[in-house]
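Structure file protein_21.txt with compact mmCIF, C-alpha atoms:
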```txt
# COMPACT_ATOMS: atom_id res chain seq x y z
CA MET A 1 -20.46 -191.97 -20.24
CA SER A 2 -24.26 -192.33 -20.02
CA ASP A 3 -26.53 -191.28 -22.87
CA LEU A 4 -27.88 -188.41 -20.75
CA LEU A 5 -24.44 -187.12 -19.81
CA ALA A 6 -23.18 -187.45 -23.40
CA ALA A 7 -26.21 -185.60 -24.81
CA ARG A 8 -25.98 -182.83 -22.22
CA SER A 9 -22.22 -182.51 -22.77
CA GLN A 10 -22.58 -182.28 -26.54
CA MET A 11 -25.40 -179.73 -26.28
CA GLY A 12 -23.40 -177.77 -23.73
CA ILE A 13 -20.29 -177.62 -25.92
CA SER A 14 -22.37 -176.60 -28.94
CA LEU A 15 -24.15 -173.86 -27.00
CA ALA A 16 -20.92 -172.59 -25.44
CA PHE A 17 -19.36 -172.26 -28.89
CA HIS A 18 -22.39 -170.81 -30.64
CA ILE A 19 -23.30 -168.24 -28.02
CA VAL A 20 -20.09 -166.30 -28.63
CA PHE A 21 -21.02 -165.78 -32.28
CA ALA A 22 -24.62 -165.06 -31.36
CA VAL A 23 -23.74 -162.17 -29.04
CA ILE A 24 -21.19 -160.79 -31.51
CA GLY A 25 -23.85 -160.91 -34.23
CA ILE A 26 -26.06 -158.73 -32.04
CA ALA A 27 -23.49 -156.06 -31.16
CA MET A 28 -20.91 -155.88 -33.93
CA PRO A 29 -23.32 -154.45 -36.55
CA VAL A 30 -24.10 -151.58 -34.17
CA MET A 31 -20.43 -150.56 -34.07
CA MET A 32 -20.23 -150.97 -37.83
CA VAL A 33 -23.18 -148.61 -38.33
CA VAL A 34 -21.87 -146.04 -35.83
CA ALA A 35 -18.51 -146.00 -37.61
CA GLU A 36 -20.13 -145.45 -41.00
CA ARG A 37 -22.36 -142.70 -39.66
CA ARG A 38 -19.34 -140.98 -38.13
CA TRP A 39 -17.64 -141.15 -41.53
CA GLN A 40 -20.69 -139.63 -43.24
CA VAL A 41 -20.81 -136.79 -40.71
CA THR A 42 -17.09 -136.02 -40.40
CA GLY A 43 -15.66 -137.35 -43.65
CA HIS A 44 -12.66 -138.75 -41.76
CA ALA A 45 -11.22 -141.75 -43.58
CA VAL A 46 -10.39 -143.67 -40.41
CA TYR A 47 -14.11 -144.19 -39.72
CA LEU A 48 -14.64 -145.59 -43.21
CA GLU A 49 -11.76 -148.00 -42.66
CA LEU A 50 -13.28 -149.10 -39.36
CA ALA A 51 -16.74 -149.61 -40.88
CA LYS A 52 -15.35 -151.78 -43.69
CA ARG A 53 -13.14 -153.86 -41.39
CA TRP A 54 -15.94 -154.43 -38.89
CA ALA A 55 -18.29 -155.35 -41.74
CA ARG A 56 -15.86 -158.03 -42.93
CA GLY A 57 -15.43 -159.25 -39.37
CA THR A 58 -19.20 -159.41 -38.95
CA ALA A 59 -19.48 -161.47 -42.13
CA ILE A 60 -16.84 -163.97 -40.94
CA LEU A 61 -18.49 -164.41 -37.56
CA PHE A 62 -21.96 -164.56 -39.11
CA ALA A 63 -20.89 -167.43 -41.37
CA VAL A 64 -19.40 -169.47 -38.53
CA GLY A 65 -22.39 -168.70 -36.32
CA ALA A 66 -24.69 -169.96 -39.06
CA VAL A 67 -22.79 -173.27 -39.12
CA SER A 68 -22.86 -173.75 -35.35
CA GLY A 69 -26.51 -172.67 -35.19
CA THR A 70 -27.43 -175.26 -37.83
CA VAL A 71 -25.68 -177.93 -35.78
CA LEU A 72 -27.72 -176.90 -32.74
CA SER A 73 -31.00 -177.14 -34.65
CA PHE A 74 -30.16 -180.73 -35.65
CA GLU A 75 -29.08 -181.58 -32.11
CA LEU A 76 -32.44 -180.46 -30.72
CA GLY A 77 -34.21 -183.08 -32.80
CA LEU A 78 -31.61 -185.85 -32.62
CA LEU A 79 -30.56 -185.59 -28.97
CA TRP A 80 -33.82 -184.42 -27.40
CA PRO A 81 -36.74 -186.07 -29.25
CA GLY A 82 -38.86 -186.11 -26.08
CA PHE A 83 -38.50 -182.38 -25.72
CA MET A 84 -39.34 -181.65 -29.35
CA ASP A 85 -42.31 -184.01 -29.27
CA PHE A 86 -43.76 -182.16 -26.29
CA ALA A 87 -42.71 -178.58 -27.04
CA GLY A 88 -42.38 -178.37 -30.82
CA ALA A 89 -45.84 -176.90 -31.39
CA ILE A 90 -45.33 -174.38 -28.59
CA ILE A 91 -41.87 -172.98 -29.33
CA GLY A 92 -42.20 -173.33 -33.08
CA MET A 93 -43.30 -169.69 -33.42
CA PRO A 94 -40.28 -168.01 -31.75
CA PHE A 95 -37.93 -170.32 -33.65
CA SER A 96 -39.71 -169.51 -36.92
CA LEU A 97 -39.47 -165.80 -36.20
CA GLU A 98 -35.79 -166.27 -35.37
CA GLY A 99 -35.31 -167.89 -38.77
CA PHE A 100 -37.05 -164.94 -40.45
CA ALA A 101 -34.79 -162.49 -38.57
CA PHE A 102 -31.73 -164.57 -39.48
CA PHE A 103 -32.50 -164.49 -43.21
CA THR A 104 -33.27 -160.77 -43.02
CA GLU A 105 -29.89 -160.22 -41.40
CA ALA A 106 -28.17 -162.31 -44.08
CA ILE A 107 -29.84 -160.40 -46.93
CA PHE A 108 -29.02 -156.94 -45.62
CA LEU A 109 -25.51 -157.97 -44.62
CA GLY A 110 -24.97 -158.94 -48.26
CA VAL A 111 -26.35 -155.56 -49.37
CA TYR A 112 -24.07 -153.82 -46.89
CA LEU A 113 -20.93 -155.72 -47.91
CA TYR A 114 -21.41 -155.31 -51.64
CA GLY A 115 -23.31 -152.03 -51.68
CA TRP A 116 -20.37 -149.67 -51.23
CA GLU A 117 -20.40 -147.26 -54.21
CA ARG A 118 -23.40 -149.15 -55.66
CA ILE A 119 -26.26 -147.69 -53.65
CA SER A 120 -26.76 -144.29 -52.07
CA SER A 121 -24.99 -143.55 -48.79
CA ARG A 122 -28.33 -143.22 -47.01
CA ALA A 123 -29.57 -146.59 -48.31
CA HIS A 124 -26.27 -148.20 -47.41
CA LEU A 125 -26.44 -146.91 -43.85
CA TRP A 126 -30.02 -148.13 -43.47
CA ALA A 127 -28.95 -151.55 -44.72
CA GLY A 128 -26.50 -151.62 -41.82
CA VAL A 129 -29.26 -150.56 -39.42
CA ALA A 130 -31.38 -153.46 -40.72
CA VAL A 131 -28.50 -155.85 -40.01
CA ALA A 132 -28.22 -154.54 -36.45
CA LEU A 133 -31.97 -154.70 -35.77
CA SER A 134 -32.47 -158.16 -37.27
CA GLY A 135 -29.43 -159.47 -35.40
CA ALA A 136 -30.89 -158.25 -32.11
CA ALA A 137 -34.32 -159.66 -33.02
CA SER A 138 -32.80 -163.04 -33.84
CA GLY A 139 -31.22 -163.24 -30.40
CA ILE A 140 -34.37 -162.06 -28.67
CA PHE A 141 -36.56 -164.74 -30.25
CA VAL A 142 -34.15 -167.51 -29.25
CA VAL A 143 -34.00 -166.19 -25.69
CA ILE A 144 -37.82 -166.09 -25.58
CA ALA A 145 -37.86 -169.81 -26.43
CA ASN A 146 -35.37 -170.47 -23.64
CA ALA A 147 -37.37 -168.29 -21.24
CA TRP A 148 -40.41 -170.48 -21.95
CA MET A 149 -38.39 -173.51 -20.79
CA ASN A 150 -37.86 -171.69 -17.48
CA ALA A 151 -41.43 -170.41 -17.17
CA PRO A 152 -43.68 -172.63 -19.33
CA ALA A 153 -46.98 -171.04 -20.35
CA GLY A 154 -49.49 -171.02 -23.20
CA PHE A 155 -50.79 -174.60 -22.96
CA GLU A 156 -52.73 -177.01 -20.78
CA LEU A 157 -51.24 -180.26 -19.54
CA VAL A 158 -53.57 -183.22 -20.05
CA ASN A 159 -52.30 -186.78 -19.53
CA GLY A 160 -48.74 -185.63 -19.99
CA ARG A 161 -49.47 -183.90 -23.31
CA ALA A 162 -49.67 -180.20 -24.19
CA VAL A 163 -53.14 -179.24 -25.48
CA ASN A 164 -54.93 -175.96 -26.20
CA VAL A 165 -51.63 -174.40 -27.26
CA ASP A 166 -51.45 -170.60 -27.44
CA PRO A 167 -48.08 -169.66 -29.02
CA ILE A 168 -48.53 -165.95 -28.29
CA ALA A 169 -49.11 -166.63 -24.60
CA ALA A 170 -46.10 -168.93 -24.63
CA MET A 171 -43.92 -166.15 -26.04
CA GLY A 172 -45.25 -163.78 -23.40
CA ASN A 173 -44.15 -166.06 -20.56
CA ALA A 174 -43.13 -164.59 -17.22
CA ALA A 175 -39.38 -164.96 -17.84
CA ALA A 176 -39.30 -163.47 -21.35
CA LEU A 177 -38.87 -159.79 -20.47
CA SER A 178 -36.14 -160.18 -17.87
CA GLN A 179 -34.15 -162.74 -19.87
CA THR A 180 -34.27 -160.85 -23.18
CA ILE A 181 -33.20 -157.56 -21.57
CA HIS A 182 -30.41 -159.22 -19.61
CA MET A 183 -29.09 -161.17 -22.60
CA THR A 184 -29.24 -158.29 -25.07
CA LEU A 185 -27.37 -155.97 -22.72
CA ALA A 186 -24.85 -158.74 -22.12
CA ALA A 187 -24.24 -159.01 -25.87
CA TYR A 188 -23.50 -155.30 -26.22
CA ALA A 189 -21.29 -155.21 -23.12
CA ALA A 190 -19.34 -158.37 -23.94
CA THR A 191 -18.70 -157.56 -27.60
CA GLY A 192 -18.01 -153.89 -26.98
CA PHE A 193 -15.47 -154.59 -24.26
CA ALA A 194 -13.83 -157.34 -26.32
CA VAL A 195 -13.27 -154.88 -29.17
CA ALA A 196 -12.30 -152.03 -26.82
CA GLY A 197 -9.89 -154.29 -24.97
CA ILE A 198 -8.02 -155.29 -28.12
CA HIS A 199 -7.58 -151.69 -29.19
CA ALA A 200 -6.72 -150.57 -25.65
CA PHE A 201 -3.92 -153.15 -25.60
CA LEU A 202 -2.60 -151.82 -28.90
CA LEU A 203 -2.90 -148.23 -27.66
CA LEU A 204 -0.58 -149.06 -24.77
CA ARG A 205 2.12 -149.47 -27.42
CA ASP A 206 0.99 -146.68 -29.73
CA PRO A 207 -1.32 -144.20 -27.95
CA ALA A 208 -1.30 -141.77 -30.90
CA ASN A 209 -2.72 -144.26 -33.41
CA ALA A 210 -5.97 -142.76 -34.72
CA PHE A 211 -7.35 -146.10 -35.93
CA HIS A 212 -7.22 -147.65 -32.47
CA ARG A 213 -8.37 -144.46 -30.73
CA ARG A 214 -11.50 -144.21 -32.88
CA ALA A 215 -12.20 -147.94 -32.55
CA LEU A 216 -11.87 -147.68 -28.78
CA GLU A 217 -14.23 -144.70 -28.72
CA ILE A 218 -16.98 -146.45 -30.69
CA ALA A 219 -16.63 -149.74 -28.83
CA LEU A 220 -17.01 -147.98 -25.49
CA ILE A 221 -20.06 -146.09 -26.75
CA VAL A 222 -21.70 -149.50 -27.24
CA ALA A 223 -20.24 -151.32 -24.23
CA ALA A 224 -20.24 -148.84 -21.37
CA PRO A 225 -23.99 -147.99 -21.16
CA ALA A 226 -24.88 -151.69 -21.47
CA ALA A 227 -22.42 -152.67 -18.73
CA VAL A 228 -23.80 -150.02 -16.37
CA LEU A 229 -27.41 -151.08 -17.01
CA GLN A 230 -26.62 -154.78 -16.74
CA PRO A 231 -26.72 -154.98 -12.90
CA LEU A 232 -30.19 -153.42 -13.00
CA SER A 233 -31.41 -156.02 -15.49
CA GLY A 234 -29.76 -158.69 -13.35
CA ASP A 235 -31.79 -157.48 -10.38
CA LEU A 236 -34.98 -157.80 -12.47
CA ALA A 237 -34.02 -161.34 -13.50
CA ALA A 238 -33.10 -162.36 -9.95
CA ARG A 239 -36.44 -161.15 -8.56
CA HIS A 240 -38.26 -163.19 -11.20
CA ILE A 241 -36.22 -166.29 -10.30
CA ALA A 242 -36.89 -165.78 -6.59
CA VAL A 243 -40.63 -166.07 -7.22
CA HIS A 244 -40.82 -168.55 -10.11
CA GLN A 245 -37.64 -170.66 -9.73
CA PRO A 246 -36.68 -170.52 -6.06
CA VAL A 247 -34.52 -173.64 -6.28
CA LYS A 248 -32.35 -171.99 -8.94
CA LEU A 249 -31.87 -168.94 -6.72
CA ALA A 250 -31.09 -171.17 -3.75
CA ALA A 251 -28.43 -173.00 -5.76
CA ALA A 252 -26.97 -169.76 -7.15
CA GLU A 253 -26.66 -168.27 -3.66
CA ALA A 254 -25.95 -171.62 -1.95
CA VAL A 255 -28.92 -171.22 0.42
CA PHE A 256 -29.36 -174.65 1.95
CA ARG A 257 -32.18 -173.84 4.38
CA THR A 258 -35.28 -171.69 4.08
CA GLN A 259 -34.91 -168.56 6.19
CA ALA A 260 -36.21 -165.06 6.76
CA GLY A 261 -33.71 -162.22 6.39
CA ALA A 262 -31.42 -164.35 4.23
CA PRO A 263 -27.85 -163.09 3.81
CA LEU A 264 -26.15 -162.50 0.48
CA THR A 265 -23.26 -164.93 -0.03
CA LEU A 266 -20.07 -163.65 -1.64
CA GLY A 267 -17.70 -166.33 -2.88
CA GLY A 268 -17.36 -169.53 -0.92
CA TRP A 269 -17.27 -173.24 -1.69
CA PRO A 270 -20.59 -175.07 -1.26
CA ASP A 271 -20.27 -178.27 0.80
CA VAL A 272 -23.39 -180.12 -0.28
CA GLU A 273 -22.90 -182.99 2.16
CA ALA A 274 -22.54 -180.65 5.16
CA ARG A 275 -25.24 -178.27 3.84
CA GLU A 276 -23.03 -175.21 4.25
CA THR A 277 -20.87 -172.85 2.21
CA ARG A 278 -17.28 -172.72 3.35
CA PHE A 279 -15.03 -169.63 3.14
CA ALA A 280 -17.94 -167.36 2.15
CA VAL A 281 -18.51 -163.73 3.14
CA GLU A 282 -22.12 -163.06 4.11
CA ILE A 283 -23.94 -159.71 4.03
CA PRO A 284 -26.85 -159.95 6.51
CA TYR A 285 -30.40 -159.53 5.10
CA ALA A 286 -29.04 -158.56 1.67
CA LEU A 287 -30.44 -161.51 -0.31
CA SER A 288 -33.96 -160.99 1.05
CA LEU A 289 -33.66 -157.30 0.27
CA LEU A 290 -32.45 -157.87 -3.30
CA ALA A 291 -34.85 -160.70 -4.10
CA PHE A 292 -38.03 -159.26 -2.56
CA HIS A 293 -37.13 -155.65 -1.63
CA ASP A 294 -37.82 -156.64 1.96
CA PRO A 295 -34.89 -157.34 4.32
CA HIS A 296 -37.04 -159.73 6.38
CA ALA A 297 -38.61 -161.67 3.49
CA VAL A 298 -38.44 -165.46 3.50
CA VAL A 299 -36.10 -166.95 0.91
CA LYS A 300 -36.71 -170.59 0.06
CA GLY A 301 -33.69 -172.81 0.47
CA LEU A 302 -32.73 -176.10 -1.12
CA ASP A 303 -34.42 -177.87 1.76
CA ALA A 304 -37.77 -176.89 0.19
CA VAL A 305 -37.42 -179.71 -2.38
CA PRO A 306 -36.07 -183.27 -2.27
CA PRO A 307 -32.31 -183.63 -2.97
CA GLU A 308 -33.04 -185.49 -6.21
CA ASP A 309 -34.58 -182.25 -7.52
CA TRP A 310 -31.48 -180.19 -6.74
CA PRO A 311 -29.30 -178.89 -9.56
CA ASN A 312 -25.52 -179.12 -9.32
CA VAL A 313 -25.23 -176.61 -6.49
CA ARG A 314 -21.49 -176.15 -6.69
CA ALA A 315 -21.46 -175.54 -10.47
CA VAL A 316 -24.42 -173.15 -10.33
CA HIS A 317 -23.08 -171.19 -7.36
CA LEU A 318 -19.55 -170.79 -8.75
CA SER A 319 -20.87 -169.83 -12.20
CA PHE A 320 -23.18 -167.25 -10.65
CA GLN A 321 -20.41 -165.76 -8.52
CA LEU A 322 -18.11 -165.56 -11.56
CA MET A 323 -20.80 -163.86 -13.66
CA VAL A 324 -21.55 -161.28 -10.97
CA ALA A 325 -17.87 -160.56 -10.30
CA LEU A 326 -17.03 -160.01 -13.96
CA GLY A 327 -20.17 -157.98 -14.60
CA THR A 328 -19.34 -155.76 -11.62
CA TYR A 329 -15.83 -155.19 -12.96
CA LEU A 330 -17.16 -154.16 -16.38
CA ALA A 331 -19.70 -151.81 -14.78
CA LEU A 332 -17.01 -150.15 -12.64
CA VAL A 333 -14.69 -149.67 -15.62
CA SER A 334 -17.63 -148.20 -17.56
CA LEU A 335 -18.31 -145.71 -14.77
CA TRP A 336 -14.61 -144.79 -14.82
CA VAL A 337 -14.79 -144.18 -18.57
CA GLY A 338 -17.96 -142.14 -18.16
CA TRP A 339 -16.40 -140.03 -15.41
CA LEU A 340 -13.34 -139.25 -17.52
CA GLY A 341 -15.48 -138.54 -20.57
CA TRP A 342 -17.74 -136.21 -18.59
CA ARG A 343 -14.66 -134.31 -17.41
CA ARG A 344 -13.34 -134.32 -21.00
CA ARG A 345 -10.17 -136.10 -19.99
CA GLU A 346 -7.87 -137.95 -22.36
CA LEU A 347 -8.56 -141.70 -22.51
CA ALA A 348 -5.91 -143.18 -24.78
CA HIS A 349 -3.01 -141.75 -22.77
CA ASN A 350 -4.43 -142.91 -19.43
CA ARG A 351 -2.35 -146.05 -19.13
CA TRP A 352 -4.12 -147.39 -16.05
CA LEU A 353 -7.47 -147.13 -17.82
CA MET A 354 -6.06 -148.78 -20.93
CA ARG A 355 -4.73 -151.63 -18.81
CA ALA A 356 -8.11 -152.02 -17.10
CA ILE A 357 -9.94 -152.13 -20.44
CA ALA A 358 -7.39 -154.53 -21.94
CA LEU A 359 -7.85 -156.81 -18.92
CA ALA A 360 -11.60 -156.77 -19.61
CA THR A 361 -11.21 -158.16 -23.15
CA PRO A 362 -12.43 -161.73 -22.43
CA MET A 363 -14.47 -160.94 -19.33
CA GLY A 364 -17.78 -160.21 -21.04
CA PHE A 365 -17.75 -163.49 -22.95
CA ILE A 366 -16.74 -165.44 -19.83
CA ALA A 367 -19.62 -163.77 -17.96
CA VAL A 368 -22.03 -164.71 -20.77
CA GLU A 369 -20.90 -168.34 -20.64
CA ALA A 370 -21.19 -168.39 -16.85
CA GLY A 371 -24.64 -166.81 -17.00
CA TRP A 372 -25.90 -169.45 -19.41
CA MET A 373 -24.51 -172.16 -17.14
CA VAL A 374 -26.58 -170.67 -14.30
CA THR A 375 -29.66 -170.57 -16.54
CA GLU A 376 -29.31 -174.11 -17.88
CA LEU A 377 -27.73 -175.99 -14.97
CA GLY A 378 -29.92 -174.16 -12.47
CA ARG A 379 -33.06 -175.51 -14.18
CA GLN A 380 -31.99 -179.14 -13.79
CA PRO A 381 -33.26 -181.80 -13.43
CA TRP A 382 -35.94 -180.20 -15.63
CA VAL A 383 -35.60 -179.42 -19.33
CA ILE A 384 -39.03 -177.71 -19.09
CA TYR A 385 -39.26 -176.43 -15.56
CA GLY A 386 -41.78 -178.41 -13.52
CA VAL A 387 -43.16 -180.17 -16.61
CA LEU A 388 -40.62 -182.42 -18.33
CA ARG A 389 -37.47 -183.90 -16.83
CA THR A 390 -34.23 -183.88 -18.78
CA ALA A 391 -33.85 -187.65 -18.41
CA ASP A 392 -37.24 -188.16 -20.08
CA ALA A 393 -36.39 -185.95 -23.04
CA VAL A 394 -33.07 -187.44 -24.13
CA THR A 395 -32.64 -189.86 -27.03
CA PRO A 396 -32.08 -193.53 -26.09
CA MET A 397 -29.55 -193.92 -28.91
CA PRO A 398 -26.22 -195.34 -27.65
CA GLY A 399 -22.79 -194.28 -28.86
CA LEU A 400 -23.19 -190.52 -28.34
CA VAL A 401 -19.56 -190.19 -27.26
CA VAL A 402 -18.37 -190.37 -30.88
CA PRO A 403 -20.37 -187.38 -32.17
CA PHE A 404 -19.48 -185.51 -28.98
CA VAL A 405 -15.74 -185.87 -29.68
CA THR A 406 -16.22 -185.17 -33.41
CA PHE A 407 -18.14 -181.94 -32.93
CA THR A 408 -15.77 -180.76 -30.19
CA LEU A 409 -12.83 -181.15 -32.58
CA LEU A 410 -14.83 -179.37 -35.31
CA TYR A 411 -15.48 -176.41 -33.00
CA CYS A 412 -11.78 -176.24 -32.08
CA PHE A 413 -10.87 -176.17 -35.77
CA LEU A 414 -13.42 -173.46 -36.54
CA GLY A 415 -12.19 -171.46 -33.55
CA VAL A 416 -8.63 -171.47 -34.87
CA ILE A 417 -9.78 -170.40 -38.34
CA VAL A 418 -11.87 -167.56 -36.91
CA ALA A 419 -9.01 -166.36 -34.71
CA TRP A 420 -6.66 -166.24 -37.70
CA LEU A 421 -9.17 -164.38 -39.90
CA LEU A 422 -9.90 -161.85 -37.16
CA TYR A 423 -6.18 -161.36 -36.63
CA ARG A 424 -5.90 -160.33 -40.26
CA GLN A 425 -8.88 -157.96 -39.94
CA ILE A 426 -8.18 -156.33 -36.58
CA LEU A 427 -4.64 -156.73 -35.32
CA ARG A 428 -3.02 -156.14 -38.70
CA SER A 429 -4.44 -152.64 -38.70
CA PRO A 430 -3.07 -149.47 -40.28
CA THR A 431 -0.66 -147.24 -38.41
CA VAL A 432 -2.27 -143.81 -38.70
CA PRO A 433 -0.89 -140.90 -36.64
CA GLU A 434 -3.61 -139.03 -34.76
CA TRP A 435 -3.22 -135.73 -36.61
CA ARG A 436 -3.47 -137.37 -40.03
CA GLY A 437 -6.20 -139.89 -39.21
CA PHE A 438 -8.35 -137.24 -37.59
CA TYR A 439 -7.98 -134.42 -40.07
CA MET A 440 -7.69 -136.16 -43.43
CA ARG A 441 -10.99 -136.39 -45.27
CA SER A 442 -11.65 -139.44 -47.41
CA GLY A 443 -11.23 -138.80 -51.08
CA SER A 444 -10.86 -135.01 -50.77
CA GLY A 445 -7.55 -134.28 -49.13
CA GLU A 446 -9.20 -131.56 -47.02
CA ARG A 447 -7.93 -130.70 -43.57
CA GLY A 448 -10.10 -129.35 -40.81
CA ALA A 449 -9.99 -128.39 -37.19
CA GLY A 450 -10.78 -130.61 -34.23
CA SER A 451 -9.47 -132.24 -31.11
CA GLY A 452 -8.50 -135.75 -30.20
CA THR A 453 -10.33 -138.23 -28.02
```
What would the structure in this file look like if it were written as structure tokens?
Amino acid sequence: MSDLLAARSQMGISLAFHIVFAVIGIAMPVMMVVAERRWQVTGHAVYLELAKRWARGTAILFAVGAVSGTVLSFELGLLWPGFMDFAGAIIGMPFSLEGFAFFTEAIFLGVYLYGWERISSRAHLWAGVAVALSGAASGIFVVIANAWMNAPAGFELVNGRAVNVDPIAAMGNAAALSQTIHMTLAAYAATGFAVAGIHAFLLLRDPANAFHRRALEIALIVAAPAAVLQPLSGDLAARHIAVHQPVKLAAAEAVFRTQAGAPLTLGGWPDVEARETRFAVEIPYALSLLAFHDPHAVVKGLDAVPPEDWPNVRAVHLSFQLMVALGTYLALVSLWVGWLGWRRRELAHNRWLMRAIALATPMGFIAVEAGWMVTELGRQPWVIYGVLRTADAVTPMPGLVVPFVTFTLLYCFLGVIVAWLLYRQILRSPTVPEWRGFYMRSGSGERGAGSGT
């Protein structure tokens, strides 16, 4: 294994592991806060139980995410010294702001976990809101740094060096808005559907369980709007890529030749040697329409650049198709949920819906992983698009296979530990009949009137 392949593999494994905890850290606090607010408004004990369990789950995932994030920060310097030498002064600001948001999240998460019965209910709720906002901000600042790698700005290139650096302009790069919106919505959709899917699966066995019904309700409140909006943000991101990174779009859609009125490719297996996509379904003019809002617009193909500047077309195309397919499924299920909710229909006893939501449990995270593969692999062979090649940024240190294997085993071990801890927090949940969980008020024994989900 070459140094470049070993470094890219290790960074890829680290990112693939860390990104799961990053997106959960963005979305889980929102569900935690919604559950607590519902408890404050209704007094129903099941919401308090949900808030406390989700808070403990957030703490577990936050701790593991902090470990994997620390590993990534070391890997940036150790594996990619050329990149840090060139870009350190430019992306230092978003990474510093991310660190500030991270510590803010840690502080208020501690207040939230240990503040029950110690601070006022209003202060406690606002501590949870601070956790949710700082978690989202942390993710946004990291994505801004990545967006700069796709659309470098805020500096002048003189003799291969970055001079006249403007960190604010760098943060306001052309890709920042589309990437941050797309990634933040992805975090809410992926985490919300993961939580909803677990409780939907358990509701198939016990549809009257109030704990799972309320958890499903809150998770869908977070997930469904994000999943419906996600295709719109994807359209915004794709139109940016069409203008600023046409080779990435060509690889994602397997467009081998520049053409006007380009078709949209569904599925298929790119044959790079033959310059064609086998077994694909093509929708005439659709790619030009989506990318430029003009069915006759010219879409640049891979033939616009030398083959040595092509990314891995097959990996990018298949990852893109997987992301789109899973995102479409989540959006359709969300519309189904919204339709039933608008008609005030029962959700928990709709077994087909519960099966569809349960099937969606891992889909959001798989879509996130696939989307990041499109983002990172589609930029190759550049680590900073059009400025610095990946091969010129890697460390020349030999023997990178050993740390690659070591860290992969570490991530597997941490994954098992997290799965076991979450099993204790989520799956080993209370069995609360709907009438009791909905009517019983925490600490008062009162019973009220209402209706189920």
* Asked: Near A:Asn146, counting only C-alpha atoms, which residues have an atom at most 10 Å away, once you skip same-chain residues fewer than 2 positions from it, shown as a PyMOL selection string?
  -> chain A and resi 91+94+140-144+148-152+171+175-176+179-180+375-376+383-384
* Measuring atom to atom with all atoms listed in the file, identify which of A:Met28, A:Phe86, A:Leu410, A:Trp339 is nearest to A:Asn159. =>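 Of all the options, A:Phe86 lies closest to A:Asn159.
Put simply, atom CA of A:Ala27 is 6.1 Å away from atom CA of A:Ala187.
Distance annotation: of A:Ala136, A:Phe413, A:Arg314, A:Thr328, the residue with the minimal separation from A:Leu185 is A:Ala136; atom set is all atoms listed in the file.
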* **Long-range neighbours of A:Pro295 as an MDAnalysis selection string, 6 Å cut-off, all atoms listed in the file, 5 positions minimum in chain** => chainID A and resid 261 285 288:289
* Between A:Asp303, A:Asp85, A:Glu36, A:Asp206, which one has atoms that come closest to A:Trp126, using only C-alpha atoms? ->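 For A:Trp126, the nearest of the candidates is A:Glu36.
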* To do: Identify which of the residues A:Ala87, A:Val129, A:Ala215, A:Ala22 lies closest to A:Leu388, counting all atoms listed in the file when measuring atom-to-atom distances.
  => A:Ala87
Give me, as a CSV table (one decimal) with C-alpha atoms, in the frame of the given file, all polymer residues having an atom no more than 10 Å from A:Phe292, counting only C-alpha atoms and skipping those fewer than 6 positions away in the same chain.
```csv
chain,number,residue,atom,x,y,z
A,238,ALA,CA,-33.1,-162.4,-10.0
A,239,ARG,CA,-36.4,-161.2,-8.6
A,240,HIS,CA,-38.3,-163.2,-11.2
A,242,ALA,CA,-36.9,-165.8,-6.6
A,243,VAL,CA,-40.6,-166.1,-7.2
A,286,ALA,CA,-29.0,-158.6,1.7
A,298,VAL,CA,-38.4,-165.5,3.5
A,299,VAL,CA,-36.1,-167.0,0.9
```
* Asked: A:His182, A:Arg161, A:His18, A:Arg351: which is nearest A:Ala226, counting all atoms listed in the file?
  -> A:His182
Neighbour list for A:Pro231 as an mmCIF file with C-alpha atoms, keeping the file's coordinate frame, cut-off 9 Å, all atoms listed in the file, skip fewer than 3 positions in-chain:
```
data_model
loop_
_atom_site.group_PDB
_atom_site.id
_atom_site.type_symbol
_atom_site.label_atom_id
_atom_site.label_comp_id
_atom_site.auth_asym_id
_atom_site.auth_seq_id
_atom_site.Cartn_x
_atom_site.Cartn_y
_atom_site.Cartn_z
ATOM 1 C CA HIS A 182 -30.410 -159.220 -19.610
ATOM 2 C CA ALA A 227 -22.420 -152.670 -18.730
ATOM 3 C CA VAL A 228 -23.800 -150.020 -16.370
ATOM 4 C CA GLY A 234 -29.760 -158.690 -13.350
ATOM 5 C CA ASP A 235 -31.790 -157.480 -10.380
ATOM 6 C CA LEU A 236 -34.980 -157.800 -12.470
ATOM 7 C CA VAL A 324 -21.550 -161.280 -10.970
ATOM 8 C CA GLY A 327 -20.170 -157.980 -14.600
ATOM 9 C CA THR A 328 -19.340 -155.760 -11.620
ATOM 10 C CA ALA A 331 -19.700 -151.810 -14.780
#
```
* **Residue with smallest distance to A:Tyr112 - pool A:Pro263, A:Pro403, A:Gly197, A:Gly128, counting all atoms listed in the file** =>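 Of the candidates, the smallest distance to A:Tyr112 is held by A:Gly128.
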Taking (-3.4, -149.6, -25.8) in the file's coordinates as the center, which residues reach within 9 Å of it, counting only C-alpha atoms, put as a compact mmCIF listing (two decimals) with C-alpha atoms, keeping the file's coordinate frame?
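Heads up, here's the output in part.txt:
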```
# COMPACT_ATOMS: atom_id res chain seq x y z
CA GLY A 197 -9.89 -154.29 -24.97
CA ILE A 198 -8.02 -155.29 -28.12
CA HIS A 199 -7.58 -151.69 -29.19
CA ALA A 200 -6.72 -150.57 -25.65
CA PHE A 201 -3.92 -153.15 -25.60
CA LEU A 202 -2.60 -151.82 -28.90
CA LEU A 203 -2.90 -148.23 -27.66
CA LEU A 204 -0.58 -149.06 -24.77
CA ARG A 205 2.12 -149.47 -27.42
CA ASP A 206 0.99 -146.68 -29.73
CA PRO A 207 -1.32 -144.20 -27.95
CA HIS A 212 -7.22 -147.65 -32.47
CA ARG A 213 -8.37 -144.46 -30.73
CA ALA A 348 -5.91 -143.18 -24.78
CA HIS A 349 -3.01 -141.75 -22.77
CA ARG A 351 -2.35 -146.05 -19.13
CA MET A 354 -6.06 -148.78 -20.93
CA ARG A 355 -4.73 -151.63 -18.81
CA ILE A 357 -9.94 -152.13 -20.44
CA ALA A 358 -7.39 -154.53 -21.94
```
